[in-house]
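Below is query-v2.cif, which holds mmCIF, C-alpha atoms.
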```
data_input
#
loop_
_atom_site.label_atom_id
_atom_site.label_comp_id
_atom_site.auth_asym_id
_atom_site.auth_seq_id
_atom_site.Cartn_x
_atom_site.Cartn_y
_atom_site.Cartn_z
CA MET R 28 -10.62 13.23 -8.60
CA SER R 29 -13.96 14.91 -8.54
CA ASN R 30 -15.32 12.65 -5.76
CA LYS R 31 -12.50 13.68 -3.41
CA LYS R 32 -14.82 15.93 -1.35
CA CYS R 33 -16.49 13.11 0.51
CA GLU R 34 -14.48 10.03 -0.22
CA LYS R 35 -15.60 7.06 1.85
CA GLY R 36 -13.25 6.11 4.68
CA THR R 37 -11.41 2.83 5.04
CA LEU R 38 -12.25 0.21 7.63
CA LEU R 39 -8.96 -0.50 9.39
CA VAL R 40 -8.52 -3.58 11.55
CA ILE R 41 -5.56 -3.55 13.93
CA SER R 42 -4.40 -6.64 15.80
CA GLY R 43 -1.28 -7.74 17.58
CA PRO R 44 -0.31 -9.66 20.70
CA SER R 45 -0.67 -8.18 24.14
CA GLY R 46 2.46 -6.20 25.04
CA VAL R 47 3.33 -5.20 21.49
CA GLY R 48 2.34 -1.57 21.98
CA LYS R 49 -0.85 -1.26 19.92
CA GLY R 50 -2.12 1.59 22.08
CA THR R 51 1.04 3.65 21.61
CA VAL R 52 1.00 3.13 17.86
CA LEU R 53 -2.65 4.14 17.55
CA ALA R 54 -2.11 7.19 19.75
CA GLU R 55 0.67 8.26 17.35
CA LEU R 56 -1.63 7.67 14.40
CA MET R 57 -4.40 9.82 15.88
CA LYS R 58 -1.83 12.56 16.57
CA LYS R 59 -0.60 12.54 12.97
CA SER R 60 -3.92 12.59 11.16
CA GLU R 61 -7.48 13.73 11.71
CA ASP R 62 -8.75 11.26 9.14
CA TYR R 63 -8.95 8.42 11.66
CA ALA R 64 -11.53 7.62 14.34
CA TYR R 65 -11.88 4.76 16.80
CA SER R 66 -14.90 2.55 16.51
CA VAL R 67 -17.17 2.61 19.57
CA SER R 68 -18.08 -0.85 20.90
CA ALA R 69 -21.36 -2.04 22.34
CA THR R 70 -21.10 -3.82 25.71
CA THR R 71 -23.22 -5.29 28.48
CA ARG R 72 -20.65 -4.30 31.07
CA ALA R 73 -21.86 -1.61 33.49
CA PRO R 74 -20.57 1.93 32.81
CA ARG R 75 -17.64 2.96 34.99
CA GLU R 76 -17.27 6.37 36.62
CA GLY R 77 -17.00 9.00 33.90
CA GLU R 78 -17.72 6.72 30.95
CA GLN R 79 -20.11 8.23 28.43
CA GLU R 80 -22.77 6.51 26.34
CA GLY R 81 -21.79 6.65 22.64
CA LYS R 82 -18.32 7.88 23.41
CA ASN R 83 -16.62 5.13 25.41
CA TYR R 84 -19.22 2.47 24.71
CA PHE R 85 -22.81 1.91 23.71
CA PHE R 86 -24.16 0.41 26.93
CA LYS R 87 -26.70 -2.36 26.40
CA THR R 88 -28.65 -4.82 28.51
CA LYS R 89 -28.02 -8.51 27.90
CA GLU R 90 -31.38 -8.74 26.12
CA GLU R 91 -30.65 -5.77 23.89
CA PHE R 92 -27.22 -7.15 23.00
CA GLU R 93 -28.59 -10.57 22.14
CA GLN R 94 -31.22 -8.92 19.98
CA MET R 95 -28.43 -7.09 18.13
CA ILE R 96 -26.67 -10.42 17.55
CA GLU R 97 -29.88 -11.94 16.23
CA ASN R 98 -30.57 -8.99 13.91
CA GLY R 99 -27.05 -9.19 12.46
CA GLU R 100 -26.27 -5.69 13.72
CA LEU R 101 -22.74 -6.54 14.84
CA LEU R 102 -19.60 -6.96 12.74
CA GLU R 103 -18.16 -9.21 15.43
CA TYR R 104 -18.67 -9.88 19.11
CA ALA R 105 -17.16 -11.88 21.92
CA SER R 106 -17.86 -12.44 25.57
CA TYR R 107 -15.21 -11.71 28.17
CA ASN R 108 -15.51 -12.01 31.95
CA GLY R 109 -19.22 -12.68 31.61
CA ASN R 110 -19.92 -9.58 29.51
CA TYR R 111 -20.53 -9.13 25.80
CA TYR R 112 -18.44 -6.78 23.69
CA GLY R 113 -19.13 -6.16 20.00
CA THR R 114 -18.77 -3.79 17.05
CA PRO R 115 -22.03 -2.20 15.82
CA LYS R 116 -22.19 -2.05 12.02
CA LYS R 117 -24.36 1.07 12.04
CA TYR R 118 -21.85 3.24 13.89
CA VAL R 119 -18.95 2.02 11.77
CA ASP R 120 -20.83 2.69 8.53
CA LYS R 121 -21.87 6.16 9.63
CA MET R 122 -18.25 7.08 10.37
CA LEU R 123 -17.02 5.56 7.10
CA ALA R 124 -19.66 7.50 5.14
CA SER R 125 -18.49 10.73 6.78
CA GLY R 126 -15.02 10.05 5.31
CA LYS R 127 -13.23 8.83 8.44
CA ASN R 128 -10.98 5.78 8.41
CA VAL R 129 -12.43 3.72 11.25
CA ILE R 130 -10.07 1.81 13.54
CA LEU R 131 -11.13 -1.53 15.02
CA GLU R 132 -8.56 -2.74 17.52
CA ILE R 133 -9.54 -6.39 17.96
CA GLU R 134 -8.00 -9.77 18.55
CA VAL R 135 -7.35 -12.24 15.78
CA GLN R 136 -10.61 -14.19 15.84
CA GLY R 137 -12.79 -11.09 15.72
CA ALA R 138 -10.55 -9.68 12.99
CA MET R 139 -11.10 -12.72 10.78
CA LYS R 140 -14.87 -12.39 11.22
CA VAL R 141 -14.71 -8.75 10.15
CA LYS R 142 -12.61 -9.63 7.08
CA LYS R 143 -15.22 -12.18 6.06
CA LEU R 144 -18.08 -9.68 6.33
CA ARG R 145 -16.07 -6.75 4.94
CA PRO R 146 -13.49 -8.03 2.46
CA ASP R 147 -12.37 -4.47 1.74
CA ALA R 148 -11.25 -3.93 5.35
CA VAL R 149 -7.53 -3.24 5.59
CA MET R 150 -5.99 -5.69 8.04
CA VAL R 151 -2.82 -4.59 9.82
CA PHE R 152 -0.89 -6.72 12.28
CA ILE R 153 1.47 -5.04 14.73
CA ALA R 154 4.31 -7.47 15.36
CA PRO R 155 7.16 -7.48 17.87
CA GLU R 156 10.71 -7.48 16.51
CA SER R 157 11.13 -11.02 17.85
CA LYS R 158 9.34 -13.60 19.96
CA ASP R 159 12.01 -13.33 22.66
CA VAL R 160 11.61 -9.60 23.12
CA LEU R 161 7.83 -9.96 23.45
CA TYR R 162 7.99 -12.85 25.89
CA GLU R 163 10.47 -11.03 28.03
CA ARG R 164 8.09 -8.08 28.16
CA LEU R 165 5.16 -10.34 29.03
CA SER R 166 7.00 -12.01 31.92
CA VAL R 167 8.44 -8.88 33.42
CA ARG R 168 6.04 -8.62 36.36
CA ALA R 169 7.83 -11.25 38.44
CA THR R 170 5.27 -11.08 41.26
CA GLU R 171 2.70 -12.93 39.15
CA PRO R 172 2.25 -16.70 39.38
CA LYS R 173 4.07 -18.69 36.69
CA ASP R 174 0.89 -20.14 35.20
CA VAL R 175 -0.52 -16.65 34.58
CA ILE R 176 2.63 -15.77 32.67
CA ILE R 177 2.62 -19.05 30.73
CA ASN R 178 -1.02 -18.56 29.78
CA ARG R 179 -0.28 -15.05 28.57
CA ILE R 180 2.57 -16.32 26.40
CA GLU R 181 0.40 -19.08 24.94
CA ILE R 182 -2.20 -16.53 23.89
CA ALA R 183 0.53 -14.37 22.34
CA GLU R 184 1.88 -17.39 20.41
CA ARG R 185 -1.56 -18.05 18.98
CA GLU R 186 -1.94 -14.42 17.92
CA LEU R 187 1.50 -14.37 16.27
CA ARG R 188 0.64 -17.40 14.18
CA ALA R 189 -2.22 -15.43 12.58
CA CYS R 190 0.23 -12.88 11.18
CA PRO R 191 0.26 -14.24 7.58
CA PHE R 192 -3.51 -13.75 7.27
CA TYR R 193 -3.19 -9.98 7.56
CA ASP R 194 -2.74 -7.64 4.60
CA TYR R 195 0.13 -5.76 6.19
CA VAL R 196 2.58 -6.34 9.04
CA THR R 197 4.37 -3.52 10.80
CA VAL R 198 7.12 -4.18 13.33
CA ASN R 199 7.00 -2.17 16.54
CA ALA R 200 10.52 -2.33 17.91
CA ASP R 201 11.46 -0.08 20.86
CA GLY R 202 10.71 3.54 20.04
CA LYS R 203 9.28 2.69 16.63
CA ALA R 204 5.61 3.51 17.30
CA ASP R 205 6.00 6.55 15.08
CA LYS R 206 7.29 4.47 12.17
CA CYS R 207 4.43 2.00 12.70
CA ALA R 208 1.86 4.79 12.55
CA GLU R 209 3.37 5.95 9.25
CA ASP R 210 3.35 2.39 7.94
CA ILE R 211 -0.35 2.15 8.70
CA MET R 212 -1.05 5.47 6.99
CA ALA R 213 0.89 4.30 3.92
CA ALA R 214 -1.10 1.05 3.82
CA VAL R 215 -4.45 2.88 4.04
CA ARG R 216 -3.36 5.38 1.39
CA ALA R 217 -2.08 2.65 -0.94
CA GLU R 218 -5.29 0.64 -0.61
CA LYS R 219 -7.27 3.60 -1.93
CA LEU R 220 -5.11 3.53 -5.09
CA LYS R 221 -6.04 -0.01 -6.10
CA PRO R 222 -7.78 -0.11 -9.48
CA GLU R 223 -10.84 -1.84 -8.01
CA LYS R 224 -11.32 1.16 -5.69
CA MET R 225 -11.29 3.51 -8.69
CA PHE R 226 -13.91 1.81 -10.74
CA GLY R 227 -15.71 5.04 -11.61
CA LEU R 228 -12.69 6.65 -13.21
CA ILE R 229 -11.35 3.50 -14.84
CA SER R 230 -14.65 2.46 -16.37
CA GLU R 231 -14.49 5.70 -18.33
CA PHE R 232 -11.12 4.59 -19.75
CA ILE R 233 -12.08 1.08 -20.82
CA MET P 4 13.77 -5.49 11.96
CA SER P 5 17.31 -6.71 12.06
CA ASN P 6 17.67 -6.81 8.25
CA LYS P 7 16.77 -3.11 7.98
CA LYS P 8 20.41 -2.08 7.41
CA CYS P 9 20.48 -3.12 3.78
CA GLU P 10 16.93 -3.85 2.83
CA LYS P 11 16.55 -4.65 -0.85
CA GLY P 12 14.92 -1.93 -2.92
CA THR P 13 11.64 -2.25 -4.81
CA LEU P 14 11.36 -2.42 -8.58
CA LEU P 15 8.88 0.30 -9.49
CA VAL P 16 7.24 0.37 -12.91
CA ILE P 17 5.60 3.65 -13.90
CA SER P 18 3.34 3.97 -16.93
CA GLY P 19 0.74 6.41 -18.14
CA PRO P 20 -0.36 7.97 -21.39
CA SER P 21 1.64 10.66 -23.12
CA GLY P 22 0.67 14.08 -21.76
CA VAL P 23 -0.27 12.88 -18.28
CA GLY P 24 2.79 14.41 -16.64
CA LYS P 25 4.88 11.35 -15.71
CA GLY P 26 8.08 13.38 -15.85
CA THR P 27 6.81 16.00 -13.41
CA VAL P 28 5.58 13.37 -10.96
CA LEU P 29 8.88 11.49 -11.02
CA ALA P 30 10.85 14.72 -10.61
CA GLU P 31 8.77 15.40 -7.46
CA LEU P 32 9.43 11.88 -6.23
CA MET P 33 13.20 12.23 -6.68
CA LYS P 34 13.07 15.56 -4.83
CA LYS P 35 11.21 14.03 -1.88
CA SER P 36 13.31 10.94 -1.34
CA GLU P 37 16.84 9.74 -1.90
CA ASP P 38 15.69 6.13 -1.88
CA TYR P 39 14.77 6.18 -5.57
CA ALA P 40 16.92 5.91 -8.69
CA TYR P 41 16.10 5.81 -12.39
CA SER P 42 17.00 2.73 -14.30
CA VAL P 43 19.52 3.30 -17.10
CA SER P 44 18.49 1.86 -20.47
CA ALA P 45 20.64 0.22 -23.10
CA THR P 46 20.21 1.59 -26.63
CA THR P 47 21.64 1.33 -30.14
CA ARG P 48 20.92 4.99 -30.78
CA ALA P 49 24.04 7.13 -31.18
CA PRO P 50 24.98 9.25 -28.15
CA ARG P 51 23.91 12.87 -28.36
CA GLU P 52 26.06 15.82 -27.36
CA GLY P 53 26.78 15.60 -23.64
CA GLU P 54 25.23 12.17 -23.05
CA GLN P 55 27.34 9.91 -20.85
CA GLU P 56 27.82 6.14 -21.05
CA GLY P 57 26.23 4.49 -17.99
CA LYS P 58 24.50 7.66 -16.92
CA ASN P 59 22.05 8.57 -19.69
CA TYR P 60 22.28 5.23 -21.49
CA PHE P 61 24.43 2.20 -21.99
CA PHE P 62 25.37 2.65 -25.65
CA LYS P 63 25.54 -0.58 -27.64
CA THR P 64 26.08 -1.65 -31.22
CA LYS P 65 23.23 -3.51 -32.91
CA GLU P 66 25.22 -6.75 -32.59
CA GLU P 67 25.89 -6.22 -28.88
CA PHE P 68 22.22 -5.43 -28.23
CA GLU P 69 21.00 -8.50 -30.11
CA GLN P 70 23.47 -10.59 -28.14
CA MET P 71 21.96 -9.17 -24.92
CA ILE P 72 18.48 -10.15 -26.13
CA GLU P 73 19.70 -13.65 -26.93
CA ASN P 74 21.41 -14.04 -23.55
CA GLY P 75 18.25 -12.95 -21.71
CA GLU P 76 20.06 -9.96 -20.25
CA LEU P 77 17.12 -7.56 -20.74
CA LEU P 78 13.98 -7.21 -18.66
CA GLU P 79 12.19 -5.79 -21.70
CA TYR P 80 13.12 -4.11 -24.96
CA ALA P 81 11.46 -2.46 -27.91
CA SER P 82 12.56 -0.86 -31.13
CA TYR P 83 11.62 2.70 -31.94
CA ASN P 84 12.63 4.75 -35.00
CA GLY P 85 14.97 1.98 -36.10
CA ASN P 86 16.83 1.79 -32.77
CA TYR P 87 16.65 -0.66 -29.90
CA TYR P 88 15.91 0.43 -26.34
CA GLY P 89 15.90 -1.98 -23.39
CA THR P 90 16.31 -2.43 -19.64
CA PRO P 91 19.43 -4.35 -18.56
CA LYS P 92 18.71 -6.75 -15.70
CA LYS P 93 22.22 -6.47 -14.29
CA TYR P 94 22.06 -2.74 -13.67
CA VAL P 95 18.58 -2.94 -12.14
CA ASP P 96 19.61 -5.76 -9.81
CA LYS P 97 22.75 -3.95 -8.70
CA MET P 98 20.72 -0.86 -7.77
CA LEU P 99 18.05 -2.94 -5.98
CA ALA P 100 20.74 -4.78 -4.00
CA SER P 101 22.17 -1.42 -2.88
CA GLY P 102 18.77 -0.62 -1.37
CA LYS P 103 17.46 1.80 -4.00
CA ASN P 104 13.93 1.60 -5.33
CA VAL P 105 14.50 1.48 -9.08
CA ILE P 106 12.14 3.37 -11.38
CA LEU P 107 11.33 2.01 -14.82
CA GLU P 108 9.27 4.51 -16.79
CA ILE P 109 7.96 2.37 -19.64
CA GLU P 110 4.91 1.97 -21.83
CA VAL P 111 2.26 -0.61 -21.16
CA GLN P 112 3.57 -3.49 -23.24
CA GLY P 113 7.05 -3.31 -21.76
CA ALA P 114 5.51 -2.98 -18.30
CA MET P 115 3.57 -6.22 -18.72
CA LYS P 116 6.76 -8.04 -19.79
CA VAL P 117 8.52 -6.79 -16.66
CA LYS P 118 5.64 -7.91 -14.41
CA LYS P 119 5.85 -11.38 -15.91
CA LEU P 120 9.59 -11.68 -15.26
CA ARG P 121 9.45 -9.89 -11.89
CA PRO P 122 6.09 -10.51 -10.22
CA ASP P 123 7.19 -8.53 -7.18
CA ALA P 124 7.57 -5.33 -9.22
CA VAL P 125 5.20 -2.60 -8.03
CA MET P 126 3.18 -1.37 -11.00
CA VAL P 127 1.86 2.19 -10.83
CA PHE P 128 -0.26 3.82 -13.51
CA ILE P 129 -0.44 7.61 -13.66
CA ALA P 130 -3.90 8.49 -14.94
CA PRO P 131 -5.46 11.76 -16.09
CA GLU P 132 -8.49 13.02 -14.19
CA SER P 133 -10.59 12.34 -17.29
CA LYS P 134 -10.24 11.32 -20.92
CA ASP P 135 -11.44 14.74 -22.07
CA VAL P 136 -8.80 16.65 -20.17
CA LEU P 137 -6.06 14.41 -21.59
CA TYR P 138 -7.31 14.60 -25.17
CA GLU P 139 -7.56 18.34 -24.98
CA ARG P 140 -3.98 18.46 -23.82
CA LEU P 141 -2.88 16.13 -26.62
CA SER P 142 -4.58 18.18 -29.34
CA VAL P 143 -3.45 21.57 -28.12
CA ARG P 144 -0.76 22.17 -30.74
CA ALA P 145 -3.18 23.19 -33.48
CA THR P 146 -0.42 23.51 -36.11
CA GLU P 147 -0.08 19.75 -36.33
CA PRO P 148 -1.93 17.73 -38.96
CA LYS P 149 -5.14 16.12 -37.76
CA ASP P 150 -3.96 12.56 -38.38
CA VAL P 151 -0.95 13.10 -36.07
CA ILE P 152 -3.31 14.19 -33.31
CA ILE P 153 -5.73 11.33 -33.95
CA ASN P 154 -2.88 8.82 -33.87
CA ARG P 155 -1.67 10.26 -30.58
CA ILE P 156 -5.12 9.95 -29.06
CA GLU P 157 -5.48 6.37 -30.27
CA ILE P 158 -2.23 5.43 -28.54
CA ALA P 159 -3.41 7.15 -25.35
CA GLU P 160 -6.72 5.25 -25.47
CA ARG P 161 -4.85 1.96 -25.72
CA GLU P 162 -2.67 2.90 -22.74
CA LEU P 163 -5.66 3.93 -20.62
CA ARG P 164 -7.34 0.58 -21.22
CA ALA P 165 -4.38 -1.13 -19.51
CA CYS P 166 -5.07 0.72 -16.27
CA PRO P 167 -6.81 -2.20 -14.46
CA PHE P 168 -3.73 -4.40 -14.87
CA TYR P 169 -1.65 -2.15 -12.65
CA ASP P 170 -1.31 -2.56 -8.87
CA TYR P 171 -1.99 1.10 -8.15
CA VAL P 172 -3.49 4.05 -10.01
CA THR P 173 -2.72 7.63 -9.09
CA VAL P 174 -4.58 10.54 -10.68
CA ASN P 175 -2.50 13.49 -11.82
CA ALA P 176 -4.92 16.37 -12.05
CA ASP P 177 -3.56 19.90 -12.58
CA GLY P 178 -1.02 20.76 -9.89
CA LYS P 179 -1.29 17.34 -8.26
CA ALA P 180 2.15 15.98 -9.16
CA ASP P 181 3.14 16.33 -5.54
CA LYS P 182 0.18 14.23 -4.35
CA CYS P 183 1.00 11.62 -7.02
CA ALA P 184 4.60 11.38 -5.81
CA GLU P 185 3.32 10.80 -2.25
CA ASP P 186 0.87 8.19 -3.53
CA ILE P 187 3.74 6.32 -5.17
CA MET P 188 5.83 6.49 -1.99
CA ALA P 189 2.88 5.13 0.03
CA ALA P 190 2.43 2.27 -2.44
CA VAL P 191 6.12 1.31 -2.28
CA ARG P 192 6.13 1.55 1.51
CA ALA P 193 2.94 -0.51 1.83
CA GLU P 194 4.26 -3.22 -0.49
CA LYS P 195 7.20 -3.76 1.86
CA LEU P 196 4.73 -4.50 4.68
CA LYS P 197 3.07 -7.45 2.98
CA PRO P 198 3.50 -10.65 4.97
CA GLU P 199 5.16 -12.42 2.04
CA LYS P 200 7.91 -9.77 2.08
CA MET P 201 8.53 -10.46 5.78
CA PHE P 202 9.00 -14.15 5.57
CA GLY P 203 12.09 -14.15 7.79
CA LEU P 204 10.34 -12.56 10.74
CA ILE P 205 7.03 -14.35 10.29
CA SER P 206 8.54 -17.80 9.93
CA GLU P 207 9.86 -17.30 13.45
CA PHE P 208 6.29 -16.77 14.66
CA ILE P 209 4.65 -19.77 13.00
#
```
Show me this structure written as structure tokens.
Amino acid sequence: MSNKKCEKGTLLVISGPSGVGKGTVLAELMKKSEDYAYSVSATTRAPREGEQEGKNYFFKTKEEFEQMIENGELLEYASYNGNYYGTPKKYVDKMLASGKNVILEIEVQGAMKVKKLRPDAVMVFIAPESKDVLYERLSVRATEPKDVIINRIEIAERELRACPFYDYVTVNADGKADKCAEDIMAAVRAEKLKPEKMFGLISEFI
Amino acid sequence: MSNKKCEKGTLLVISGPSGVGKGTVLAELMKKSEDYAYSVSATTRAPREGEQEGKNYFFKTKEEFEQMIENGELLEYASYNGNYYGTPKKYVDKMLASGKNVILEIEVQGAMKVKKLRPDAVMVFIAPESKDVLYERLSVRATEPKDVIINRIEIAERELRACPFYDYVTVNADGKADKCAEDIMAAVRAEKLKPEKMFGLISEFI
């Protein structure tokens, strides 16, 4: 295709319950391909030692962040431990325009908001091989109080139930992070082959 | 996944206009992966020197073939030069059950019949990089009468117009057969990740 030189990237949303190994899978993905980049979030949390503006986060005051919300500058946002976290549209769009596939690693509710605003986002859910395996992993730190563990499992249950709303599901069994990364790459590649993504070429045919 | 051991194969329908290089792409695909097999057609045409029953074709009498049509034993069929050609369901299903992705290389009308009978078939269209390039290729044998060339181009135009009805479109520019084969593999892999194909696992989650 003649427009191959600067093909727009794909917005890639990755979700999955805590403990499923999202970080490992994404690390594998970044190792395998230079076509992917993480999105950088905006936050009102104070920078930690060594964190860089525009690399780890875009650091904002509460007022600035709320202005961004009001101006519709965020794809999604949530508050956590008294701080805001959100995904700035501008940064995502800049990366997409440069040809990178942009990774948003977000929980289910944020993911659904993104899908609504960006229907062409590719939604991938990283699933455990079974509920039991995941719950065992989540309860492994036996020093923690029971209610902390139960709460963690309840959140995981809620996330798992969202699985059917994703475009693709990849199972991360033990030692399968590599396979998951390849699954994600196949999904992103396949999405670019859909006729609606090739309108320029196809309109010439019809 | 626990059912990985003998996962059912995917029915893969490949179409594209004459001259686009379908054969080269599929040869690349077969070289890259052992998970694919060609479907074997039934035909009433007489066997040629060296052709083997059940390997090149299933050779049938006209009566046998018409009985197969009547019994609904064919996924699609067409007649060409006074002979029947068709795709036997039984053979396709046996190969799919053994875990192979089964390739049907058929023209657009047959492809649409297959999609109707087997909605889970993955439909891939191999497209030229432009109409002009294809038409040049189709008219290159200057010894042929003009009306033969015009007829060939008309058929190609009709095929190209069917492009939007396919699930995926891969562009075979010069020397890109390898990329097309990888596109097809990505499409087949991605299709297996759709939530509806993972009902067993997901029903456990919800």
- request: Give the residues of chain R that lie within 9 Å of chain P; count only C-alpha atoms, and format the answer as an NGL selection string.
  value: :R and (28-29 or 154 or 156-158 or 184-185 or 187-200 or 210-223 or 225-226 or 228-233)
statement: note - atom CA of P:Phe61 and atom CA of P:Ala45 are separated by 4.4 Å
- prompt: Could you list as a PyMOL selection string every residue that has an atom within 12 Å of (-30.5, -8.2, 26.7), using the file's coordinates and counting all atoms listed in the file?
  reply: chain R and resi 69-72+86-97+110-111
Pairwise distance for atom CA of P:Lys182 and atom CA of P:Leu78, rounded to one decimal in Å: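 Atom CA of P:Leu78 lies at a distance of 29.2 Å from atom CA of P:Lys182.
The closest residue to R:Tyr118, picked from R:Gly81, R:Gly48, R:Gly99, R:Pro146 and counting only C-alpha atoms, is R:Gly81.
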message: One decimal, in Å: what's the spacing between atom CA of P:Lys58 and atom CA of P:Lys93?
response: 14.6 Å
message: Could you list, as a PyMOL selection string, every residue matched by the PyMOL selection byres ((chain P and resi 142) around 12) in this structure?
response: chain P and resi 21-22+135-141+143-157+159
Would you write out, as a PDB file with C-alpha atoms, in the coordinates of the input, every residue that the PyMOL selection byres ((chain P and resi 112-119) around 8) captures in this file?
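Saved file selection.pdb follows:
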```pdb
ATOM      1  CA  VAL P  16       7.240   0.370 -12.910  1.00  0.00           C
ATOM      2  CA  ILE P  17       5.600   3.650 -13.900  1.00  0.00           C
ATOM      3  CA  SER P  18       3.340   3.970 -16.930  1.00  0.00           C
ATOM      4  CA  LEU P  78      13.980  -7.210 -18.660  1.00  0.00           C
ATOM      5  CA  GLU P  79      12.190  -5.790 -21.700  1.00  0.00           C
ATOM      6  CA  TYR P  80      13.120  -4.110 -24.960  1.00  0.00           C
ATOM      7  CA  ALA P  81      11.460  -2.460 -27.910  1.00  0.00           C
ATOM      8  CA  ILE P 109       7.960   2.370 -19.640  1.00  0.00           C
ATOM      9  CA  GLU P 110       4.910   1.970 -21.830  1.00  0.00           C
ATOM     10  CA  VAL P 111       2.260  -0.610 -21.160  1.00  0.00           C
ATOM     11  CA  LEU P 120       9.590 -11.680 -15.260  1.00  0.00           C
ATOM     12  CA  ARG P 121       9.450  -9.890 -11.890  1.00  0.00           C
ATOM     13  CA  PRO P 122       6.090 -10.510 -10.220  1.00  0.00           C
ATOM     14  CA  ASP P 123       7.190  -8.530  -7.180  1.00  0.00           C
ATOM     15  CA  ALA P 124       7.570  -5.330  -9.220  1.00  0.00           C
ATOM     16  CA  MET P 126       3.180  -1.370 -11.000  1.00  0.00           C
TER      17      MET P 126
END
```
- prompt: Taking the file as shown, what set of residues would the PyMOL selection byres ((chain P and resi 43) around 6) give back, as a list in words?
  reply: Ser42, Ser44 and Tyr60 of chain P
- request: Could you give me, as JSON, numbers by chain, the residues that sit within 12 Å of (-1.2, 11.2, 14.0) in the file's coordinates, counting all atoms listed in the file?
  value: {"R": [51, 52, 53, 54, 55, 56, 57, 58, 59, 60, 61, 62, 63, 64, 204, 205, 206, 207, 208, 209, 210, 211, 212]}
